[in-house]
Structure formats: C-alpha cells, structure tokens
Amino acid sequence: MNIKDKKEKLHISNSGLSPTNEILAFNHLGENVNVKVAGELPLTIKIDGEELITLMTLGTRPEELTLGYLRNQGLIDSIDDIISVDVKWDIGISEVITKNKNTKQILKKLEKKTITTGCGQGTIFGSTLEKLYEDTLPEVKIKKSEIFNLLAKITKYNDIYKEAGAVHGCALCDKENVLEFVEDVGRHNAADTLSGFMWINDMSGSNIIFYTTGRLTSEIIMKSKHMGIPIIISRSGVTNMGIELAKDLNITMIARSKQRSFLIYNNKENIIFDE
C-alpha cells in the first residue's frame with residue numbers, strides 16, 4: 001500500500017488551530033502593549049468511545065498528536081488498525097475509531113503506569129516499556145560539521161517561541177536539512193506529533209536525527225526508540241536515567257548543544273570529529 005492509498009483509507013480531520021492569541025498586557029513603564037501568548041487547550045483522546053487521556057496542547061496539529069501518542073505509548077501497533085481520527089474542538093475531543101475495536105485490550109495496557117517528569121503528560125504505560133527491546137537501532141555515524149550545520153539551520157525555526165515563548169520545539173532532520181519542525185506547550189506533545197507525522201507518511205527513522213529544545217529524560221529517549229531514530233540532539237540537559245536508557249537502546253545522545261559546542265553523553269564512536 002502506498003502513502004496515497006493509506007491516507008485515503010485513513011480518514012483524518014483537519015482541525016489545526018492558530019498557535020497564539022493577542023492580549024493586552026503592561027510593560028515595565030505601565031504602558032499598554034499588545035502581545036502574543038501561546039494557546040493551551042485540553043484535548044481528550046477517545047478510542048472507540050472510551051476516554052484514554054487528556055493532553056494540554058497548542059492544538060496546531062491535533063490529529064498527528066493523537067496518532068503519535070498512540071504509537072509512542074505502544075497502544076496501537078499499526079496505523080492500518082485505525083479507521084479515522086476526528087478532532088472536534090467544540091467538545092475538546094479527538095475521537096479515534098479502530099477496525100477491530102479491541103478497546104478492552106487497549107484499556108488493559110493502561111493498568112500499569114508510571115508517573116514521570118513529563119510536562120503535559122507525566123505518565124508512561126507498561127505497554128511502552130514492553131516494546132522497547134523488540135528490535136535494535138542501526139549504527140549511524142554523523143560528522144561534527146553536520147551537527148553544527150543542523151544547529152545553525154534550526155535557529156531559523158522556533159517561530160512560536162520567538163513570538164510568544166512558553167513552548168518547546170522538536171524537529172526531524174537528515175544530515176543536511178530540517179525536514180519537519182513542530183512546537184507545542186510540552187516537548188512530549190511535539191515529539192508525539194512528529195511521530196504521528198512519520199506514521200502517516202510511512203517514514204523510517206533509521207536515517208533521521210531527532211532534535212528537541214527540551215531536556216533528554218527517559219521518556220524522550222523511549223519516544224526516539226519507538227520512532228526508530230538512532231541519534232538525538234538537545235539544546236538542554238540530560239538526566240541520569242535518560243543516559244542509562246540511551247546506553248541500553250544504543251541511541252547516540254548529544255545535549256547542551258550550541259552553534260559551536262555540544263556534549264556527547266553516549267556513543268562517542270558514532271561522532272566523526274572532522275575539521
């Protein structure tokens with residue numbers, strides 16, 4: 001089945017919202033100023049009528065966010081099992097209809113859960129952990145010059161952050177270009193939206209580099225693994241569990257990245273130190 005056929009068989013609504021709103025504030029001199037603020041709305045994901053979770057999101061790409069969440073949490077194995085995703089903002093619902101309607105099995109996966117440090121989500125389910133070690137990520141090398149080139153190009157993005165702040169950004173890159181960039185109020189939502197984008201477009205992660213403005217915790221490393229991505233770069237820092245999990249899953253982990261410096265926390269041998 002090609003990508004066009006897949007999109008035709010999977011009905012997806014198109015309910016993206018504007019990411020910012022204009023409000024009246026006051027500056028340090030007490031003067032009126034019109035400023036943009038990031039949106040934040042609750043979106044409840046339902047599967048075959050059963051409520052799953054409520055996410056706080058900008059709402060710019062809610063259908064891809066829904067699909068990526070289901071994928072990264074290991075709740076649905078194949079996008080071919082989904083008939084439709086229909087987002088209705090008037091009631092704050094993202095309704096997912098599946099072919100087999102195995103809602104009881106999905107809900108059973110939710111019984112085992114761990115509360116995490118994740119902003120906007122804060123929960124991982126047992127099904128997420130079970131699938132982590134099913135396959136092995138490829139060994140992919142990247143040049144230092146390629147990393148710096150990508151970091152320079154990423155500075156041209158972050159449009160919502162530049163306008164209103166209060167958001168995280170995540171990107172899918174190859175070794176030369178930024179392929180897709182998403183911002184949301186939480187880095188987990190941005191990562192899941194990219195995962196949904198990859199799922200819809202049948203995109204392999206084996207030659208993809210994942211970039212995030214947020215910290216590299218264990219949850220973000222898990223999402224990278226579920227997306228099949230072997231290299232992850234962050235502008236922010238890391239956690240100890242994030243490092244340990246990156247070692248277990250063979251993910252090349254780069255953080256504290258700036259345009260002319262970065263730190264390698266795992267798989268130094270995959271970095272080519274060219275001039």
# chains A, B, ... in the order shown; residues from 1 in each chain; ligands from 1
$ residues_around --residues "Ser78 in chain A" --least-positions-apart "5" --cutoff "10 Å" --atoms "only C-alpha atoms" --output "VMD selection string"
chain A and resid 70 to 71 199
$ residues_around --residues "Leu10 in chain A" --least-positions-apart "6" --cutoff "9 Å" --atoms "only C-alpha atoms" --output "NGL selection string"
:A and (79-80 or 82-85 or 200)
$ residues_around --residues "Leu179 in chain A" --least-positions-apart "6" --cutoff "12 Å" --atoms "only C-alpha atoms" --output "number ranges by chain"
A: 150, 153-154, 157, 170-173, 194, 197-198, 203, 207-211
$ write_last_selection --atoms "C-alpha atoms" --output "PDB file, in the first residue's frame"
ATOM      1  CA  LEU A 150      21.894  21.448  11.553  1.00  0.00           C
ATOM      2  CA  LYS A 153      19.618  25.831  10.414  1.00  0.00           C
ATOM      3  CA  ILE A 154      17.341  25.101  13.402  1.00  0.00           C
ATOM      4  CA  TYR A 157      12.672  27.896  13.235  1.00  0.00           C
ATOM      5  CA  CYS A 170      11.188  19.348  18.159  1.00  0.00           C
ATOM      6  CA  ALA A 171      12.499  18.526  14.681  1.00  0.00           C
ATOM      7  CA  LEU A 172      13.126  15.640  12.326  1.00  0.00           C
ATOM      8  CA  CYS A 173      16.352  16.152  10.381  1.00  0.00           C
ATOM      9  CA  LEU A 194       6.348  14.229  14.762  1.00  0.00           C
ATOM     10  CA  PHE A 197       3.663  12.631  11.007  1.00  0.00           C
ATOM     11  CA  MET A 198       6.140   9.788  10.447  1.00  0.00           C
ATOM     12  CA  MET A 203       8.718   7.356   7.230  1.00  0.00           C
ATOM     13  CA  ASN A 207      18.434   7.832   8.900  1.00  0.00           C
ATOM     14  CA  ILE A 208      16.678  10.529  10.933  1.00  0.00           C
ATOM     15  CA  ILE A 209      18.119  12.800  13.628  1.00  0.00           C
ATOM     16  CA  PHE A 210      15.702  13.945  16.332  1.00  0.00           C
ATOM     17  CA  TYR A 211      16.210  17.423  17.794  1.00  0.00           C
TER      18      TYR A 211
END
$ closest_atom_pairs --of "range 154-239 of chain A" --to "range 42-64 of chain A" --cutoff "6 Å" --atoms "only C-alpha atoms" --output "CSV"
residue,atom,partner,partner_atom,distance
A:Asp184,CA,A:Leu58,CA,5.5
A:Val185,CA,A:Thr57,CA,5.8
A:Thr193,CA,A:Glu64,CA,4.9
A:Gly196,CA,A:Glu64,CA,4.4
A:Phe197,CA,A:Glu64,CA,5.7
$ write_last_selection --atoms "C-alpha atoms" --output "CSV table (one decimal), in the first residue's frame"
chain,number,residue,atom,x,y,z
A,184,ASP,CA,3.9,22.7,21.4
A,185,VAL,CA,3.4,23.6,25.1
A,193,THR,CA,3.2,15.0,16.7
A,196,GLY,CA,2.3,10.8,14.1
A,197,PHE,CA,3.7,12.6,11.0
$ residues_around --residues "range 14-24 of chain A" --least-positions-apart "2" --cutoff "12 Å" --atoms "only C-alpha atoms" --output "MDAnalysis selection string"
chainID A and resid 11:12 26:27 30:41 43 57:65 84:90 92:94 159:167 182:185
$ residues_around --residues "Asn240 in chain A" --least-positions-apart "2" --cutoff "12 Å" --atoms "only C-alpha atoms" --output "VMD selection string"
chain A and resid 215 to 218 221 237 to 238 242 to 247 265 to 266
$ write_last_selection --atoms "N, CA and C atoms" --output "compact mmCIF listing (two decimals), in the first residue's frame"
# COMPACT_ATOMS: atom_id res chain seq x y z
N ARG A 215 14.79 18.94 27.71
CA ARG A 215 15.76 18.04 28.31
C ARG A 215 15.55 16.61 27.85
N LEU A 216 16.62 15.83 27.91
CA LEU A 216 16.56 14.43 27.49
C LEU A 216 16.36 13.54 28.71
N THR A 217 15.11 13.28 29.02
CA THR A 217 14.75 12.37 30.09
C THR A 217 14.49 10.99 29.49
N SER A 218 14.21 10.03 30.36
CA SER A 218 13.97 8.67 29.89
C SER A 218 12.78 8.61 28.93
N ILE A 221 13.82 9.58 25.42
CA ILE A 221 14.63 8.52 24.83
C ILE A 221 13.73 7.38 24.36
N GLY A 237 19.63 19.92 28.84
CA GLY A 237 20.45 18.94 29.53
C GLY A 237 19.87 17.54 29.49
N VAL A 238 20.41 16.66 30.33
CA VAL A 238 20.01 15.26 30.35
C VAL A 238 19.76 14.83 31.80
N GLY A 242 17.95 9.01 31.65
CA GLY A 242 17.98 9.20 30.20
C GLY A 242 19.26 8.65 29.61
N ILE A 243 20.39 8.91 30.27
CA ILE A 243 21.69 8.40 29.79
C ILE A 243 21.72 6.88 29.84
N GLU A 244 21.28 6.31 30.94
CA GLU A 244 21.31 4.85 31.08
C GLU A 244 20.44 4.18 30.03
N LEU A 245 19.28 4.76 29.75
CA LEU A 245 18.39 4.17 28.76
C LEU A 245 18.97 4.32 27.35
N ALA A 246 19.61 5.46 27.08
CA ALA A 246 20.25 5.66 25.78
C ALA A 246 21.33 4.59 25.56
N LYS A 247 22.06 4.24 26.62
CA LYS A 247 23.07 3.19 26.51
C LYS A 247 22.42 1.84 26.22
N TYR A 265 26.90 12.29 25.35
CA TYR A 265 26.65 11.50 26.55
C TYR A 265 26.62 10.01 26.27
N ASN A 266 26.49 9.64 25.00
CA ASN A 266 26.52 8.22 24.65
C ASN A 266 26.90 8.06 23.18
$ select_by_dssp --residues "range 186-223 of chain A" --states "strand (DSSP E or B)" --output "PyMOL selection string"
chain A and resi 209-212+216
$ write_last_selection --atoms "C-alpha atoms" --output "JSON list (two decimals), in the first residue's frame"
[["chain", "number", "residue", "atom", "x", "y", "z"],
["A", 209, "ILE", "CA", 18.12, 12.80, 13.63],
["A", 210, "PHE", "CA", 15.70, 13.95, 16.33],
["A", 211, "TYR", "CA", 16.21, 17.42, 17.79],
["A", 212, "THR", "CA", 14.48, 18.93, 20.82],
["A", 216, "LEU", "CA", 16.56, 14.43, 27.49]]
$ residues_around --residues "Arg260 in chain A" --least-positions-apart "3" --cutoff "9 Å" --atoms "only C-alpha atoms" --output "list in words"
Phe148, Leu151 and Ser257 of chain A
$ write_last_selection --atoms "C-alpha atoms" --output "compact mmCIF listing (two decimals), in the first residue's frame"
# COMPACT_ATOMS: atom_id res chain seq x y z
CA PHE A 148 26.85 22.28 13.66
CA LEU A 151 22.09 23.53 14.73
CA SER A 257 24.21 21.87 22.13
$ residues_around --residues "Asn72 in chain A" --least-positions-apart "4" --cutoff "7 Å" --atoms "only C-alpha atoms" --output "PyMOL selection string"
chain A and resi 68+128+192+223+226
$ closest_residue --among "A:Ser13, A:Thr66, A:Thr252, A:Asn102" --to "Ala191 in chain A" --atoms "only C-alpha atoms"
A:Thr66
$ atom_distance --atom1 "CA of Leu263 in chain A" --atom2 "CA of Ser234 in chain A"
9.7 Å
$ select_by_dssp --residues "range 30-186 of chain A" --states "alpha helix (DSSP H)" --output "ChimeraX atom specification"
/A:62-72,103-109,126-130,144-154,159-164
$ atom_distance --atom1 "CA of Ser195 in chain A" --atom2 "CA of Thr103 in chain A"
21.9 Å
$ atom_distance --atom1 "CA of Ile272 in chain A" --atom2 "CA of Asn149 in chain A"
13.9 Å
